[in-house]
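A short worksheet on the structure shown next.
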4 protein chains.
Amino acid sequence: MENRNRTVAVVGAGDFIGAEICKAFAAEGFTIFAGRRNGDKLAPLVAEIEAAGGTIHARSLDARKEDEVVQFMAEAEATAPLEVCIFNIGANVNFPYVETTERVFRKVWEMACYAGFLTGREAAKAMLPRNEGCIFFTGATAGLRGGKGFAAFASAKFGLRAMAESAARELMPQGIHVAHLVIDSGVDTAWVRERMAESGRDRVLMRPASVAQTYIQLWKQPKDAWTFETQIRPSVEAW
Amino acid sequence: MENRNRTVAVVGAGDFIGAEICKAFAAEGFTIFAGRRNGDKLAPLVAEIEAAGGTIHARSLDARKEDEVVQFMAEAEATAPLEVCIFNIGANVNFPYVETTERVFRKVWEMACYAGFLTGREAAKAMLPRNEGCIFFTGATAGLRGGKGFAAFASAKFGLRAMAESAARELMPQGIHVAHLVIDSGVDTAWVRERMAESGRDRVLMRPASVAQTYIQLWKQPKDAWTFETQIRPSVEAW
Amino acid sequence: MENRNRTVAVVGAGDFIGAEICKAFAAEGFTIFAGRRNGDKLAPLVAEIEAAGGTIHARSLDARKEDEVVQFMAEAEATAPLEVCIFNIGANVNFPYVETTERVFRKVWEMACYAGFLTGREAAKAMLPRNEGCIFFTGATAGLRGGKGFAAFASAKFGLRAMAESAARELMPQGIHVAHLVIDSGVDTAWVRERMAESGRDRVLMRPASVAQTYIQLWKQPKDAWTFETQIRPSVEAW
Amino acid sequence: MENRNRTVAVVGAGDFIGAEICKAFAAEGFTIFAGRRNGDKLAPLVAEIEAAGGTIHARSLDARKEDEVVQFMAEAEATAPLEVCIFNIGANVNFPYVETTERVFRKVWEMACYAGFLTGREAAKAMLPRNEGCIFFTGATAGLRGGKGFAAFASAKFGLRAMAESAARELMPQGIHVAHLVIDSGVDTAWVRERMAESGRDRVLMRPASVAQTYIQLWKQPKDAWTFETQIRPSVEAW
């Protein structure tokens, strides 16, 4: 594996989608900067990527805190030029409208939207002087449809999508590829499997590695054919 | 003018759109509860509505504060059953993406989205026991399109729209009409006239009274033909 | 009822929605020009409107035939200036994709899209010299979503909507209000009641008179707050 | 180049996008069936692909004629199982609304929508027994927005998109990947260069090869992460 001397920052490097994104880009020769709330939990991922000959730096990161995001991105950029930044934090909750507390509404927004803004902005600051780079945001169906019980989650995901779209219109002409990936499916994670077990509903889930491959495809797009928004779902998913 | 013994709560009862909404519903015989940051500024509106034989209660209200919203709505409901609630706070700002401070991003969201959530939720609590009422949100083009420089504003307006849509899917079957009105135009306000003067661009503006009449139409819709989302613009507006 | 000396042309004046539109505008003092495939079937509507003191001209009209549309609209305009034109022809069918014949695909398009184009264009020709008038198109959910089994119907309804949108962008600045009304519901017609009986599903239906009232509201909008697209559905409809 | 013993049918194999699609899939080892109105014009493409060691069959095809489409697809399938079918016919015209003739409106629809329906349906018939295959449609911005002067073109492109969406909802669960690619840009073709020269406007164009690569990416997607709709545009394109 050729080392590219470029970094990929993954904000929200959880056990499933985030981890697969890290592995996929590490396999392309990137140095990975992986952040999640409790950085200790990144140990198995670090071991796996290093065993495969890759390079990864694991960090504890609360992406709702501006100074932490600033420092995380600065450190990534200091290691090698930041080429790709992927924001991958979700906050899926469902409550009846009148039972949605102000605390939930605010917290979901801080995690799924505000943290994405901080991440995208700091990545853009690093990339703009070079006029190149990719900033990708993991979206969900809730970013396009305000379903019943999703006042907090859909509001945050719509907000993330709008922020990404606004960033795309400004940054793409300056050489930075901004994309918003709508995952219209359950993804095979521990959390989703638990929800499925609770509800008794069975459902074909998307493999986290397939999400990662979609990001690899977006990164490979030629500059005259960039995608801002795309959606992916399993063949059998109803929509 | 027949007195209906019903209240209309207007959150964001500014000098232009908000004031016209108050006047339009006062003319229909409603008791108006009008809130804006500095309630003293409501004096001329109160005088005008009272001179016309209407009833209005003016309040200072920071709709980003949960306790203030709770109290405002409780007071409205205590005066007479709350039939209509209209959220009308905007926060239009434009900044380059990397110059958007976290303070601006958060404040715009608190004003244009979070305050709307608190308002809608408290109105719903009052209306649900009766299974009737109307909750209307003033939206903007930025709620459907993340334009250049509007990362903060579009993010908040998309968030408001998603929250409204989620509320609509839950509350409409329970008898509460939720609507999101997209104003795809500049409205004739002091603020917009200043922006136009600054930019040197001339533009046909929408009269605030026309916005108010659209809300009256939404309120009059029969229960088998409710609109969740509609947009209005001047005939000559390019879109 | 004051006579306005203005005509309203209704293309697709069937027994339900179309008839209610005719009655609603007749009650506003308009002279109605009503066209449907078999004009003889308009006799009861003519009797009802005339009994109420209104004026209506009934015509047999195959709106897929250019010369018939041209003549219908010219006759309407010759009687009194054409102020409102409403296109109200549907063609709802559902077939598996590979079983959709080319004949069905073409016929549905001719009825639901092509006839709408001819109608809108001829109405525009009459209205443009006066720079005023309204051209309204009855749309459906299938104009926004290509559901399973609706390749023919959705294709035609999307096509109608696009044509209307294009017309709106060109004609509204010239004083002609173009609107597309999305009816996201079953409407209470004989055909829909039969489908419901077949499927055994019960559903709250929209009264045709409510559709007509929505058109009256659109016609009443002030020129600085025109709606191009709006949707209506019963409060209990899932969407 | 490994020969896959599978065919790719390209309907609308013009000099630019269509030709690049043929070359890209030929380079993947597919046998190409290329159809365009005047099949003689395919000679240079045939020469190029054969020189590179590929296999291509060139046919004259008027895709608005059901029997020709049926025969074209049957022949492709008879040569080797049909794995990919790409519909790539456009018909971009711009006319003032009232000057759009019924002949133009109908012809544009027949080329850009009806021919796409025939193509997709015949491809589906071949693929369904195997429960695998890809059916891709080339779309345009006009499939999402009815711009001024585009009543005919947008109507046809919306219609194509709806048909594709309906097909996707039905066929994807049966193993057939249906996608609609929105090209939000001028593509570097002779026709577009002429329009640019006429208008005096300069614009960054998309290379036809980049469109072809996007189709290769769609074809490579794993079955748990299929895209129905995506859009591509040059980095500098305003949208």
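Residues in the structure tokens are named by chain (A, B, ... in the order shown) and by number from 1 within that chain; ligands are numbered from 1 in the order shown.
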Interface residues on chain D facing chain C, 7 Å, only C-alpha atoms, written as an mmCIF file with N, CA, C and O atoms, in the first residue's frame:
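Ended up saving to result.cif:
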```
data_model
loop_
_atom_site.group_PDB
_atom_site.id
_atom_site.type_symbol
_atom_site.label_atom_id
_atom_site.label_comp_id
_atom_site.auth_asym_id
_atom_site.auth_seq_id
_atom_site.Cartn_x
_atom_site.Cartn_y
_atom_site.Cartn_z
ATOM 1 N N TYR D 97 -43.913 29.418 -24.485
ATOM 2 C CA TYR D 97 -45.032 28.516 -24.216
ATOM 3 C C TYR D 97 -46.058 28.521 -25.348
ATOM 4 O O TYR D 97 -46.417 27.463 -25.867
ATOM 5 N N VAL D 98 -46.538 29.699 -25.727
ATOM 6 C CA VAL D 98 -47.625 29.732 -26.721
ATOM 7 C C VAL D 98 -47.134 29.415 -28.133
ATOM 8 O O VAL D 98 -47.944 29.199 -29.030
ATOM 9 N N ARG D 121 -38.912 -1.150 -20.454
ATOM 10 C CA ARG D 121 -39.829 -2.283 -20.342
ATOM 11 C C ARG D 121 -39.257 -3.517 -21.029
ATOM 12 O O ARG D 121 -39.285 -4.624 -20.461
ATOM 13 N N ALA D 124 -36.427 -4.902 -19.011
ATOM 14 C CA ALA D 124 -36.934 -5.588 -17.817
ATOM 15 C C ALA D 124 -37.440 -6.983 -18.163
ATOM 16 O O ALA D 124 -37.210 -7.946 -17.422
ATOM 17 N N LYS D 125 -38.123 -7.094 -19.290
ATOM 18 C CA LYS D 125 -38.630 -8.411 -19.700
ATOM 19 C C LYS D 125 -37.491 -9.414 -19.840
ATOM 20 O O LYS D 125 -37.626 -10.582 -19.466
ATOM 21 N N ARG D 145 -36.891 20.416 -12.752
ATOM 22 C CA ARG D 145 -37.265 21.831 -12.723
ATOM 23 C C ARG D 145 -37.828 22.212 -14.085
ATOM 24 O O ARG D 145 -37.181 22.009 -15.106
ATOM 25 N N GLY D 146 -39.025 22.754 -14.078
ATOM 26 C CA GLY D 146 -39.646 23.189 -15.324
ATOM 27 C C GLY D 146 -39.283 24.633 -15.593
ATOM 28 O O GLY D 146 -39.980 25.550 -15.169
ATOM 29 N N GLY D 147 -38.180 24.850 -16.267
ATOM 30 C CA GLY D 147 -37.693 26.202 -16.515
ATOM 31 C C GLY D 147 -38.472 26.892 -17.622
ATOM 32 O O GLY D 147 -39.209 26.272 -18.390
ATOM 33 N N LYS D 148 -38.273 28.188 -17.692
ATOM 34 C CA LYS D 148 -38.927 29.023 -18.704
ATOM 35 C C LYS D 148 -38.555 28.549 -20.109
ATOM 36 O O LYS D 148 -37.364 28.408 -20.413
ATOM 37 N N GLY D 149 -39.524 28.319 -20.928
ATOM 38 C CA GLY D 149 -39.257 27.914 -22.313
ATOM 39 C C GLY D 149 -39.102 26.410 -22.486
ATOM 40 O O GLY D 149 -38.940 25.921 -23.598
ATOM 41 N N PHE D 150 -39.153 25.681 -21.383
ATOM 42 C CA PHE D 150 -38.920 24.235 -21.469
ATOM 43 C C PHE D 150 -40.189 23.407 -21.234
ATOM 44 O O PHE D 150 -40.110 22.283 -20.744
ATOM 45 N N ALA D 151 -41.347 23.944 -21.572
ATOM 46 C CA ALA D 151 -42.584 23.192 -21.336
ATOM 47 C C ALA D 151 -42.504 21.805 -21.966
ATOM 48 O O ALA D 151 -42.843 20.798 -21.334
ATOM 49 N N ALA D 152 -42.022 21.716 -23.191
ATOM 50 C CA ALA D 152 -41.971 20.410 -23.876
ATOM 51 C C ALA D 152 -40.861 19.535 -23.302
ATOM 52 O O ALA D 152 -41.081 18.367 -22.941
ATOM 53 N N ALA D 154 -38.994 19.787 -20.420
ATOM 54 C CA ALA D 154 -39.121 19.435 -19.004
ATOM 55 C C ALA D 154 -40.259 18.442 -18.802
ATOM 56 O O ALA D 154 -40.149 17.511 -18.005
ATOM 57 N N SER D 155 -41.343 18.637 -19.515
ATOM 58 C CA SER D 155 -42.471 17.720 -19.382
ATOM 59 C C SER D 155 -42.032 16.300 -19.732
ATOM 60 O O SER D 155 -42.345 15.338 -19.016
ATOM 61 N N ALA D 156 -41.270 16.154 -20.794
ATOM 62 C CA ALA D 156 -40.802 14.824 -21.197
ATOM 63 C C ALA D 156 -39.791 14.265 -20.203
ATOM 64 O O ALA D 156 -39.827 13.080 -19.849
ATOM 65 N N PHE D 158 -39.392 15.106 -16.939
ATOM 66 C CA PHE D 158 -40.106 14.739 -15.706
ATOM 67 C C PHE D 158 -40.790 13.382 -15.917
ATOM 68 O O PHE D 158 -40.796 12.523 -15.028
ATOM 69 N N GLY D 159 -41.390 13.225 -17.076
ATOM 70 C CA GLY D 159 -42.104 11.980 -17.363
ATOM 71 C C GLY D 159 -41.177 10.776 -17.361
ATOM 72 O O GLY D 159 -41.517 9.699 -16.838
ATOM 73 N N LEU D 160 -39.981 10.969 -17.918
ATOM 74 C CA LEU D 160 -38.984 9.892 -17.928
ATOM 75 C C LEU D 160 -38.584 9.527 -16.498
ATOM 76 O O LEU D 160 -38.484 8.355 -16.129
ATOM 77 N N ALA D 162 -40.246 10.003 -13.675
ATOM 78 C CA ALA D 162 -41.335 9.341 -12.948
ATOM 79 C C ALA D 162 -41.430 7.879 -13.368
ATOM 80 O O ALA D 162 -41.605 6.986 -12.525
ATOM 81 N N MET D 163 -41.311 7.630 -14.665
ATOM 82 C CA MET D 163 -41.387 6.259 -15.176
ATOM 83 C C MET D 163 -40.248 5.437 -14.578
ATOM 84 O O MET D 163 -40.453 4.293 -14.131
ATOM 85 N N GLU D 165 -38.671 6.002 -11.766
ATOM 86 C CA GLU D 165 -38.886 5.832 -10.325
ATOM 87 C C GLU D 165 -39.904 4.722 -10.060
ATOM 88 O O GLU D 165 -39.734 3.897 -9.153
ATOM 89 N N SER D 166 -40.941 4.712 -10.856
ATOM 90 C CA SER D 166 -41.962 3.674 -10.721
ATOM 91 C C SER D 166 -41.346 2.298 -11.037
ATOM 92 O O SER D 166 -41.583 1.315 -10.314
ATOM 93 N N ALA D 167 -40.554 2.243 -12.087
ATOM 94 C CA ALA D 167 -39.883 0.987 -12.443
ATOM 95 C C ALA D 167 -38.942 0.549 -11.322
ATOM 96 O O ALA D 167 -38.872 -0.635 -10.962
ATOM 97 N N ARG D 169 -39.117 1.170 -8.088
ATOM 98 C CA ARG D 169 -39.841 0.645 -6.922
ATOM 99 C C ARG D 169 -40.334 -0.780 -7.167
ATOM 100 O O ARG D 169 -40.449 -1.570 -6.246
ATOM 101 N N GLU D 170 -40.623 -1.103 -8.405
ATOM 102 C CA GLU D 170 -41.114 -2.442 -8.707
ATOM 103 C C GLU D 170 -39.985 -3.430 -8.974
ATOM 104 O O GLU D 170 -40.043 -4.586 -8.524
#
```
What lies within 8 Å of stretch 231-234 of chain D using only C-alpha atoms, ignoring chain neighbours under 3 positions off, as a tab-separated table (two decimals) with all heavy atoms, in the first residue's frame?
```
chain	number	residue	atom	x	y	z
A	223	LYS	N	-13.38	15.88	-11.39
A	223	LYS	CA	-13.83	17.21	-10.99
A	223	LYS	C	-14.93	17.78	-11.89
A	223	LYS	O	-15.61	18.73	-11.51
A	223	LYS	CB	-12.61	18.16	-11.02
A	223	LYS	CG	-12.73	19.35	-10.11
A	223	LYS	CD	-11.40	20.08	-10.00
A	223	LYS	CE	-11.58	21.42	-9.34
A	223	LYS	NZ	-10.28	22.08	-9.12
A	224	ASP	N	-15.09	17.22	-13.06
A	224	ASP	CA	-16.16	17.72	-13.93
A	224	ASP	C	-17.45	16.94	-13.75
A	224	ASP	O	-18.43	17.18	-14.45
A	224	ASP	CB	-15.72	17.68	-15.40
A	224	ASP	CG	-15.44	16.27	-15.88
A	224	ASP	OD1	-15.10	15.41	-15.04
A	224	ASP	OD2	-15.54	16.02	-17.09
A	225	ALA	N	-17.47	16.01	-12.81
A	225	ALA	CA	-18.69	15.22	-12.59
A	225	ALA	C	-18.83	14.89	-11.11
A	225	ALA	O	-18.83	13.74	-10.71
A	225	ALA	CB	-18.68	13.96	-13.45
A	226	TRP	N	-18.96	15.95	-10.32
A	226	TRP	CA	-19.11	15.77	-8.88
A	226	TRP	C	-20.58	15.64	-8.50
A	226	TRP	O	-21.44	16.34	-9.03
A	226	TRP	CB	-18.52	16.97	-8.13
A	226	TRP	CG	-17.03	16.90	-7.94
A	226	TRP	CD1	-16.19	15.88	-8.27
A	226	TRP	CD2	-16.20	17.92	-7.36
A	226	TRP	NE1	-14.90	16.20	-7.93
A	226	TRP	CE2	-14.87	17.44	-7.37
A	226	TRP	CE3	-16.44	19.19	-6.84
A	226	TRP	CZ2	-13.79	18.18	-6.88
A	226	TRP	CZ3	-15.37	19.94	-6.35
A	226	TRP	CH2	-14.06	19.43	-6.37
A	227	THR	N	-20.82	14.77	-7.55
A	227	THR	CA	-22.15	14.60	-6.99
A	227	THR	C	-22.25	15.37	-5.69
A	227	THR	O	-21.37	15.24	-4.83
A	227	THR	CB	-22.40	13.11	-6.70
A	227	THR	OG1	-22.48	12.42	-7.95
A	227	THR	CG2	-23.69	12.89	-5.93
A	228	PHE	N	-23.29	16.19	-5.52
A	228	PHE	CA	-23.51	16.74	-4.20
A	228	PHE	C	-24.35	15.78	-3.36
A	228	PHE	O	-24.01	15.48	-2.23
A	228	PHE	CB	-24.20	18.12	-4.24
A	228	PHE	CG	-24.75	18.48	-2.88
A	228	PHE	CD1	-23.89	18.66	-1.81
A	228	PHE	CD2	-26.12	18.56	-2.63
A	228	PHE	CE1	-24.38	18.91	-0.52
A	228	PHE	CE2	-26.62	18.81	-1.36
A	228	PHE	CZ	-25.73	18.99	-0.30
A	229	GLU	N	-25.44	15.30	-3.93
A	229	GLU	CA	-26.30	14.45	-3.12
A	229	GLU	C	-26.64	13.16	-3.84
A	229	GLU	O	-26.99	13.16	-5.01
A	229	GLU	CB	-27.59	15.19	-2.77
A	229	GLU	CG	-28.44	14.45	-1.76
A	229	GLU	CD	-29.48	15.35	-1.11
A	229	GLU	OE1	-30.56	15.53	-1.68
A	229	GLU	OE2	-29.18	15.92	-0.04
A	230	THR	N	-26.54	12.07	-3.14
A	230	THR	CA	-26.97	10.80	-3.68
A	230	THR	C	-27.59	10.00	-2.55
A	230	THR	O	-27.42	10.33	-1.38
A	230	THR	CB	-25.78	10.04	-4.32
A	230	THR	OG1	-26.28	8.90	-5.02
A	230	THR	CG2	-24.76	9.61	-3.30
D	181	LEU	N	-29.87	9.12	-13.74
D	181	LEU	CA	-28.69	9.97	-13.54
D	181	LEU	C	-28.99	11.38	-14.02
D	181	LEU	O	-29.20	11.61	-15.22
D	181	LEU	CB	-27.51	9.38	-14.32
D	181	LEU	CG	-26.24	10.21	-14.37
D	181	LEU	CD1	-25.71	10.48	-12.97
D	181	LEU	CD2	-25.19	9.53	-15.21
D	182	VAL	N	-29.00	12.32	-13.09
D	182	VAL	CA	-29.28	13.71	-13.44
D	182	VAL	C	-27.98	14.43	-13.80
D	182	VAL	O	-27.12	14.61	-12.94
D	182	VAL	CB	-29.97	14.44	-12.27
D	182	VAL	CG1	-30.24	15.89	-12.64
D	182	VAL	CG2	-31.25	13.73	-11.87
D	183	ILE	N	-27.85	14.80	-15.04
D	183	ILE	CA	-26.67	15.55	-15.47
D	183	ILE	C	-27.02	17.03	-15.40
D	183	ILE	O	-27.73	17.55	-16.24
D	183	ILE	CB	-26.24	15.14	-16.89
D	183	ILE	CG1	-25.97	13.63	-16.93
D	183	ILE	CG2	-25.01	15.92	-17.32
D	183	ILE	CD1	-25.56	13.12	-18.30
D	184	ASP	N	-26.51	17.70	-14.38
D	184	ASP	CA	-26.87	19.10	-14.14
D	184	ASP	C	-25.77	19.98	-14.71
D	184	ASP	O	-25.06	20.68	-13.99
D	184	ASP	CB	-27.02	19.34	-12.63
D	184	ASP	CG	-27.52	20.75	-12.34
D	184	ASP	OD1	-28.10	21.37	-13.24
D	184	ASP	OD2	-27.32	21.22	-11.22
D	185	SER	N	-25.64	19.94	-16.03
D	185	SER	CA	-24.51	20.60	-16.66
D	185	SER	C	-24.67	20.49	-18.16
D	185	SER	O	-25.39	19.62	-18.66
D	185	SER	CB	-23.23	19.85	-16.25
D	185	SER	OG	-22.16	20.13	-17.13
D	204	VAL	N	-18.02	25.86	-18.31
D	204	VAL	CA	-17.24	24.63	-18.19
D	204	VAL	C	-18.17	23.46	-18.49
D	204	VAL	O	-19.25	23.35	-17.90
D	204	VAL	CB	-16.65	24.48	-16.77
D	204	VAL	CG1	-16.04	23.10	-16.60
D	204	VAL	CG2	-15.61	25.57	-16.53
D	205	LEU	N	-17.76	22.61	-19.40
D	205	LEU	CA	-18.60	21.48	-19.81
D	205	LEU	C	-18.10	20.18	-19.20
D	205	LEU	O	-16.93	20.03	-18.87
D	205	LEU	CB	-18.60	21.37	-21.33
D	205	LEU	CG	-19.17	22.59	-22.07
D	205	LEU	CD1	-19.01	22.42	-23.57
D	205	LEU	CD2	-20.64	22.81	-21.70
D	206	MET	N	-19.02	19.25	-19.06
D	206	MET	CA	-18.65	17.93	-18.56
D	206	MET	C	-18.16	17.07	-19.73
D	206	MET	O	-18.74	17.09	-20.81
D	206	MET	CB	-19.88	17.29	-17.93
D	206	MET	CG	-19.60	15.99	-17.20
D	206	MET	SD	-21.13	15.27	-16.57
D	206	MET	CE	-21.55	16.44	-15.27
D	237	GLU	N	-19.89	24.58	-11.70
D	237	GLU	CA	-21.26	24.85	-12.16
D	237	GLU	C	-22.07	25.54	-11.06
D	237	GLU	O	-22.08	25.10	-9.91
D	237	GLU	CB	-21.93	23.52	-12.53
D	237	GLU	CG	-23.34	23.65	-13.08
D	237	GLU	CD	-23.36	24.00	-14.56
D	237	GLU	OE1	-22.31	23.88	-15.23
D	237	GLU	OE2	-24.43	24.42	-15.05
```
> Hey, can you check how far atom CA of A:Ala238 sits from atom CA of D:Gln174?
Replying inline: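 Calculated distance between atom CA of A:Ala238 and atom CA of D:Gln174 is 11.8 Å.
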>> Based on the backbone DSSP call, show me all residues of stretch 22-235 of chain B assigned strand (DSSP E or B), as an MDAnalysis selection string.
In response: chainID B and resid 31:36 55:60 82:87 133:140 176:183 187 206 226 229:233
Go ahead and save the residues from that selection, with C-alpha atoms, as an mmCIF file, in the first residue's frame.
```
data_model
loop_
_atom_site.group_PDB
_atom_site.id
_atom_site.type_symbol
_atom_site.label_atom_id
_atom_site.label_comp_id
_atom_site.auth_asym_id
_atom_site.auth_seq_id
_atom_site.Cartn_x
_atom_site.Cartn_y
_atom_site.Cartn_z
ATOM 1 C CA THR B 31 -58.555 37.836 21.010
ATOM 2 C CA ILE B 32 -54.929 38.314 20.080
ATOM 3 C CA PHE B 33 -51.931 37.373 22.206
ATOM 4 C CA ALA B 34 -48.947 39.067 20.634
ATOM 5 C CA GLY B 35 -45.398 38.418 21.743
ATOM 6 C CA ARG B 36 -42.166 39.996 20.631
ATOM 7 C CA THR B 55 -58.891 42.819 21.616
ATOM 8 C CA ILE B 56 -55.165 42.286 21.979
ATOM 9 C CA HIS B 57 -52.782 41.439 24.776
ATOM 10 C CA ALA B 58 -49.178 42.475 24.238
ATOM 11 C CA ARG B 59 -46.336 40.676 25.909
ATOM 12 C CA SER B 60 -42.551 40.794 25.964
ATOM 13 C CA LEU B 82 -56.308 28.866 21.849
ATOM 14 C CA GLU B 83 -57.517 28.306 18.288
ATOM 15 C CA VAL B 84 -54.609 29.541 16.192
ATOM 16 C CA CYS B 85 -50.891 29.846 16.875
ATOM 17 C CA ILE B 86 -48.540 31.434 14.366
ATOM 18 C CA PHE B 87 -44.772 31.352 14.665
ATOM 19 C CA GLY B 133 -56.711 24.262 16.329
ATOM 20 C CA CYS B 134 -54.203 25.599 13.817
ATOM 21 C CA ILE B 135 -50.421 25.849 14.168
ATOM 22 C CA PHE B 136 -48.767 27.775 11.361
ATOM 23 C CA PHE B 137 -45.072 28.427 10.728
ATOM 24 C CA THR B 138 -43.678 31.176 8.534
ATOM 25 C CA GLY B 139 -41.052 29.643 6.274
ATOM 26 C CA ALA B 140 -38.807 30.949 3.551
ATOM 27 C CA ILE B 176 -54.873 20.094 14.536
ATOM 28 C CA HIS B 177 -54.023 21.803 11.279
ATOM 29 C CA VAL B 178 -50.267 22.312 10.977
ATOM 30 C CA ALA B 179 -48.998 24.342 8.027
ATOM 31 C CA HIS B 180 -45.709 25.714 6.767
ATOM 32 C CA LEU B 181 -45.973 28.779 4.573
ATOM 33 C CA VAL B 182 -43.018 29.337 2.258
ATOM 34 C CA ILE B 183 -42.633 33.015 1.427
ATOM 35 C CA VAL B 187 -41.535 41.143 2.099
ATOM 36 C CA MET B 206 -44.815 41.308 -0.993
ATOM 37 C CA TRP B 226 -55.975 20.888 4.540
ATOM 38 C CA GLU B 229 -47.176 23.364 2.722
ATOM 39 C CA THR B 230 -47.738 26.120 0.223
ATOM 40 C CA GLN B 231 -45.609 28.882 -1.192
ATOM 41 C CA ILE B 232 -46.409 32.428 -2.227
ATOM 42 C CA ARG B 233 -44.496 34.927 -4.328
#
```
>> For the helix (DSSP H, G or I) assignment from backbone DSSP, which residues of stretch 20-195 of chain D qualify? Please present them as an NGL selection string.
In response: :D and (20-26 or 39-51 or 66-79 or 97-99 or 102-130 or 141-143 or 151-174 or 190-195)
